[in-house]
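To start, the structure itself, in structure tokens.
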Amino acid sequence: MPRKTSQPNDESEKEEEVEKPNHEQSGNEIENLTRMLAAVLDYLSDEENEVIDVEYIIDNTEGLRDWWKQYKENNRKRIEEEIAASLGDLSFEQLKKIREQIKENG
């Protein structure tokens with residue numbers, strides 16, 4: 001009896017297709033981070049710069065401002081999650097104090 005040839009699994013092929021772009025995206029991200037780091041280090045190592053101007057670095061390093069905004073937003077979300085997770089451990093009095101601080105600053 002003739003054997004059936006094994007047919008490729010469509011799902012595994014799709015997974016491979018998905019993995020390649022993610023790998024390429026990671027590679028591009030690493031290249032961009034490396035480029036930005038090199039630009040910052042070039043600026044910092046320039047002996048003619050007597051004062052470090054962070055705004056100059058952010059403004060003149062392509063992609064750094066967007067990366068910094070994204071980093072701060074991710075960090076903010078992480079802090080919010082940590083705070084939310086720890087609220088259950090606080091006493092009623094501590095929660096009231098936090099609420100007062102929020103009202104004062106909000």
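To be explicit about the labels: the chains of the structure tokens are called A, B, and onward in the order shown, and within each one the residues are counted from 1, while ligands get numbers from 1 in the order they are shown.
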Q.
Can you pull out the residues contacting A:Arg35? Cut-off 10 Å, using only C-alpha atoms, and skip same-chain residues under 5 positions away; I want them as a ChimeraX atom specification.
A. /A:29-30,40-41,61-64
Writer output for current selection, C-alpha atoms, as a PDB file, in the first residue's frame:
ATOM      1  CA  GLU A  29      15.375  47.468  18.681  1.00  0.00           C
ATOM      2  CA  ILE A  30      18.797  46.341  19.872  1.00  0.00           C
ATOM      3  CA  VAL A  40      25.033  59.526  24.357  1.00  0.00           C
ATOM      4  CA  LEU A  41      28.454  58.138  25.248  1.00  0.00           C
ATOM      5  CA  THR A  61      19.667  61.643  19.530  1.00  0.00           C
ATOM      6  CA  GLU A  62      17.203  60.234  17.024  1.00  0.00           C
ATOM      7  CA  GLY A  63      14.527  58.142  18.720  1.00  0.00           C
ATOM      8  CA  LEU A  64      15.729  58.801  22.254  1.00  0.00           C
TER       9      LEU A  64
END
Q: Write out as a PyMOL selection string all residues of chain A that backbone DSSP assigns to alpha helix (DSSP H).
A: chain A and resi 10-45+54-60+64-86+92-105
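Counting from atom CA of A:Glu80, the distance to atom CA of A:Met36 is 28.2 Å.
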Q) Quick one: distance from atom CA of A:Ile79 to atom CA of A:Ile102 in Å, one decimal? A) 15.5 Å
